[in-house]
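Everything on this sheet refers to the single structure shown next.
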Amino acid sequence: MQPIVLGIETSCDETAIGIVRGRTLLANVIASSVDEHARFGGVVPEIASRAHLEAMLPSIERALKDSKIALSDIDAIAVTAGPGLVGALLVGVASASGLAQGLGRPLYGVNHLAAHVSVDYLTHEEPADPTIALLVSGGHSSLLQVDDITRSITKLGATMDDAAGEAFDKIARILDLGFPGGPAIDREAVSGSASAIDFPRGLTTSNDWATRPYDFSFSGLKTAVARYLESTPSYVRADVAASFQEAIVDVLLLKALAACKSSGIDSLVIAGGVAANSRLRAVATERCAKAGIQLRIPAPDLCTDNGAMVASLGSLMLSAGRPATQGAFDADSSLKVEQVSL
Ligand code: KG4
Ligand code: ZN
């Protein structure tokens, strides 16, 4: 029988518990405090921490019920140790430590970003390693080379300013589409024209390709959208949303495919909240098919923050024989993507 791993994720505004048996998903419970943050236009750390405290035990109980297992059936616990909001992470780490100690089971403190990538391993027979990974979330945007998801991740490039999801959230705000902005822009763009406005693709001049081919910048795009709205009072909101989305999708995939080509790795995983974007998924499917690259994108509900991804990484660590995290440990709000676990 494959080991059962329970994963706890509290890095931002989702209290999320996932349970896997080997690489089979048994439960994926998400309690979100997003509605409590909406009127502030962004996540308020203190509100998130309190919501995690309130949601933790009911969410664990729900996940056990969904997976039809008892607490004592759990073989290991995994928890997001960082990066994220420190107060929010601490609730997860303290809960996981208590659970692991109480049950006498190993505890893996894992990296949220690696966990985003690893959730894809639940949905495919064969592990993707080595693979290029495009990680696009609300807090991070990076291109990674993953040689071994349990211990060897190399950062090829990252955003120099806003994360891709942050750009979606900011543009949604100025378009009056609410928070979180990604899903709202995704919906609005459906009725707009992606070629209506030619917004800039950041860091794609020949000099950029020569000096920083895998870095991203979205601040120029944000300014271009704001200027366009100012100078075009009769703008069509759906066209702005679709054209903005197209600019982001285009540049993300240009760079991801260039990384596949130059590394000779013909596998691409797209992960993180922005990977739920319907246009990104469609264009990626098209371009990867043309380039002969095997594309893997988790189901949309596994792209945004969840506990299954943490359980997945814990399970992969356990089956690879990686050592559990020893002793008490602190959350690390700025944990580097290269550090898969503590
Ligand atoms: O990975 P995630 O759930 O949390 C972080 O680790 O940051 O990502 C959240 C981000 C938010 O910025 C949200 O607007 C964006 O993912 N997002 C989307 C979509 N769904 C979520 N962006 C574009 N299109 C979507 N459908
Ligand atoms: Zn995330």
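Just so we're on the same page: first chain in the structure tokens is A, next is B, and so on; residues restart at 1 for each chain, and ligands are numbered from 1 in the order they show up.
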*Among the residues of region 233-282 of chain A, find those DSSP assigns to alpha helix (DSSP H) from the backbone and print them as a PyMOL selection string.*
chain A and resi 237-263+278-282
Give me a file of those residues, with N, CA, C and O atoms, as a short mmCIF file (atom, residue, chain, number, x, y, z; two decimals), in the first residue's frame.
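What ended up in selection.cif:
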```cif
data_model
loop_
_atom_site.label_atom_id
_atom_site.label_comp_id
_atom_site.auth_asym_id
_atom_site.auth_seq_id
_atom_site.Cartn_x
_atom_site.Cartn_y
_atom_site.Cartn_z
N ARG A 237 -13.97 47.86 -22.60
CA ARG A 237 -13.32 47.15 -21.50
C ARG A 237 -12.90 45.72 -21.88
O ARG A 237 -11.81 45.28 -21.56
N ALA A 238 -13.77 45.03 -22.60
CA ALA A 238 -13.45 43.64 -22.96
C ALA A 238 -12.23 43.59 -23.89
O ALA A 238 -11.42 42.65 -23.81
N ASP A 239 -12.11 44.59 -24.77
CA ASP A 239 -10.94 44.62 -25.68
C ASP A 239 -9.65 44.88 -24.89
O ASP A 239 -8.61 44.29 -25.18
N VAL A 240 -9.73 45.78 -23.91
CA VAL A 240 -8.54 46.08 -23.09
C VAL A 240 -8.14 44.81 -22.33
O VAL A 240 -6.96 44.42 -22.31
N ALA A 241 -9.12 44.14 -21.73
CA ALA A 241 -8.84 42.92 -20.97
C ALA A 241 -8.21 41.85 -21.87
O ALA A 241 -7.20 41.24 -21.52
N ALA A 242 -8.79 41.66 -23.05
CA ALA A 242 -8.30 40.61 -23.95
C ALA A 242 -6.91 40.95 -24.49
O ALA A 242 -6.04 40.07 -24.59
N SER A 243 -6.68 42.21 -24.81
CA SER A 243 -5.37 42.61 -25.38
C SER A 243 -4.28 42.57 -24.32
O SER A 243 -3.14 42.19 -24.59
N PHE A 244 -4.64 42.98 -23.10
CA PHE A 244 -3.69 42.92 -21.99
C PHE A 244 -3.33 41.44 -21.71
O PHE A 244 -2.15 41.08 -21.60
N GLN A 245 -4.34 40.61 -21.63
CA GLN A 245 -4.13 39.18 -21.36
C GLN A 245 -3.25 38.55 -22.44
O GLN A 245 -2.35 37.76 -22.15
N GLU A 246 -3.50 38.97 -23.70
CA GLU A 246 -2.73 38.42 -24.81
C GLU A 246 -1.24 38.78 -24.68
O GLU A 246 -0.36 37.96 -24.95
N ALA A 247 -0.98 40.03 -24.24
CA ALA A 247 0.42 40.48 -24.11
C ALA A 247 1.14 39.64 -23.06
O ALA A 247 2.28 39.22 -23.24
N ILE A 248 0.46 39.38 -21.94
CA ILE A 248 1.08 38.57 -20.87
C ILE A 248 1.30 37.14 -21.35
O ILE A 248 2.38 36.57 -21.21
N VAL A 249 0.26 36.55 -21.93
CA VAL A 249 0.33 35.15 -22.37
C VAL A 249 1.44 34.99 -23.41
O VAL A 249 2.25 34.06 -23.36
N ASP A 250 1.49 35.94 -24.34
CA ASP A 250 2.48 35.87 -25.42
C ASP A 250 3.90 35.86 -24.85
O ASP A 250 4.72 35.00 -25.17
N VAL A 251 4.19 36.79 -23.96
CA VAL A 251 5.56 36.91 -23.47
C VAL A 251 5.93 35.73 -22.55
O VAL A 251 7.05 35.22 -22.60
N LEU A 252 4.98 35.26 -21.76
CA LEU A 252 5.26 34.10 -20.89
C LEU A 252 5.65 32.89 -21.74
O LEU A 252 6.62 32.19 -21.45
N LEU A 253 4.88 32.68 -22.82
CA LEU A 253 5.13 31.48 -23.63
C LEU A 253 6.33 31.63 -24.54
O LEU A 253 7.06 30.66 -24.76
N LEU A 254 6.58 32.85 -25.02
CA LEU A 254 7.79 33.07 -25.83
C LEU A 254 9.00 32.62 -25.03
O LEU A 254 9.88 31.92 -25.53
N LYS A 255 9.05 33.05 -23.77
CA LYS A 255 10.23 32.77 -22.95
C LYS A 255 10.28 31.32 -22.49
O LYS A 255 11.34 30.71 -22.45
N ALA A 256 9.12 30.76 -22.16
CA ALA A 256 9.10 29.36 -21.72
C ALA A 256 9.55 28.43 -22.86
O ALA A 256 10.34 27.51 -22.65
N LEU A 257 9.06 28.71 -24.06
CA LEU A 257 9.45 27.85 -25.19
C LEU A 257 10.91 28.05 -25.58
O LEU A 257 11.58 27.11 -25.98
N ALA A 258 11.39 29.29 -25.41
CA ALA A 258 12.81 29.54 -25.69
C ALA A 258 13.68 28.75 -24.71
O ALA A 258 14.73 28.20 -25.07
N ALA A 259 13.24 28.66 -23.45
CA ALA A 259 13.99 27.91 -22.44
C ALA A 259 14.00 26.42 -22.78
O ALA A 259 15.02 25.74 -22.63
N CYS A 260 12.88 25.90 -23.26
CA CYS A 260 12.82 24.49 -23.67
C CYS A 260 13.80 24.26 -24.80
O CYS A 260 14.58 23.30 -24.80
N LYS A 261 13.78 25.17 -25.76
CA LYS A 261 14.62 25.00 -26.95
C LYS A 261 16.10 25.03 -26.58
O LYS A 261 16.86 24.15 -26.95
N SER A 262 16.49 26.04 -25.80
CA SER A 262 17.94 26.16 -25.56
C SER A 262 18.46 25.10 -24.59
O SER A 262 19.63 24.76 -24.62
N SER A 263 17.58 24.56 -23.72
CA SER A 263 18.04 23.52 -22.80
C SER A 263 17.92 22.13 -23.41
O SER A 263 18.43 21.16 -22.87
N SER A 278 -7.57 30.68 -19.05
CA SER A 278 -8.02 29.88 -20.20
C SER A 278 -7.23 30.21 -21.47
O SER A 278 -6.94 29.33 -22.27
N ARG A 279 -6.88 31.48 -21.64
CA ARG A 279 -6.14 31.86 -22.85
C ARG A 279 -4.70 31.32 -22.80
O ARG A 279 -4.18 30.83 -23.80
N LEU A 280 -4.09 31.38 -21.62
CA LEU A 280 -2.73 30.82 -21.47
C LEU A 280 -2.74 29.33 -21.79
O LEU A 280 -1.87 28.82 -22.49
N ARG A 281 -3.75 28.64 -21.32
CA ARG A 281 -3.85 27.19 -21.55
C ARG A 281 -4.03 26.89 -23.05
O ARG A 281 -3.40 25.98 -23.59
N ALA A 282 -4.87 27.70 -23.70
CA ALA A 282 -5.15 27.45 -25.12
C ALA A 282 -3.92 27.74 -25.98
O ALA A 282 -3.53 26.93 -26.84
#
```
*Could the residues that lie within 6 Å of ligand 2, counting only C-alpha atoms and all ligand atoms, be listed as JSON, numbers by chain?*
{"A": [137, 272, 305]}
*Let me have all residues with an atom within 9 Å of ligand 1, counting only C-alpha atoms and all ligand atoms, laid out as a ChimeraX atom specification.*
/A:11-14,83-84,112-113,116,135-140,163-170,172,179-187,245,271-280,300-306
*Between CA of Ala100 (chain A) and CA of Ala78 (chain A), measure the distance and give it in Å to one decimal.*
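Going from CA of Ala100 (chain A) over to CA of Ala78 (chain A), I get 9.1 Å.
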*Name all residues at most 12 Å from Ser341 (chain A) (count only C-alpha atoms; drop same-chain ones fewer than 4 positions away) and give them as a ChimeraX atom specification.*
/A:78-83,107-115,149-153,310,313-314,316-318,322-326,329,331-332,335-337
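Secondary structure by DSSP on the backbone puts the following residues of region 125-242 of chain A in strand (DSSP E): Thr131, Ile132, Ala133, Leu134, Leu135, Val136, Ser141, Ser142, Leu143, Leu144, Gln145, Val146, Asp147, Asp148, Ser152, Ile153, Thr154, Lys155, Leu156, Gly157 and Ala158 of chain A.
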*Leaving out Pro200 (chain A) and any residue of its chain fewer than 4 positions from it, which residues lie within 8 Å of it when counting only C-alpha atoms, given as a list of chain:residue names?*
A:Gly220, A:Leu221, A:Ala224, A:Ala247
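One distance worth recording is that between CA of Glu286 (chain A) and CA of Tyr214 (chain A), which is 20.7 Å.
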*Using only C-alpha atoms, which of A:His37, A:Arg227, A:Arg201, A:Lys68 sits nearest Ile19 (chain A)?*
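The shortest atom-to-atom distance to Ile19 (chain A) comes from A:Lys68.
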*Residue nearest Asp215 (chain A) - candidates A:Pro127, A:Gly202, A:Pro45, A:Gly22, atoms counted: only C-alpha atoms*: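 Ranked by minimum distance to Asp215 (chain A), first place goes to A:Gly202.
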*Pick the closest to Leu25 (chain A) from A:Gly327, A:Pro233, A:Gly307, A:Gly321: which is it, counting only C-alpha atoms?*
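When distances to Leu25 (chain A) are compared using only C-alpha atoms, the smallest one comes from A:Gly307.
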_Point-to-point distance from CA of Ala55 (chain A) to CA of Pro298 (chain A), Å rounded to tenths_ =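 Computed distance, CA of Ala55 (chain A) to CA of Pro298 (chain A), equals 25.4 Å.
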_Within 12 Å of Ser95 (chain A) using only C-alpha atoms, minus same-chain residues under 2 positions, as a PyMOL selection string_ = chain A and resi 6-10+15+17+52-57+59-60+77-81+88-93+97-102+107+109+331
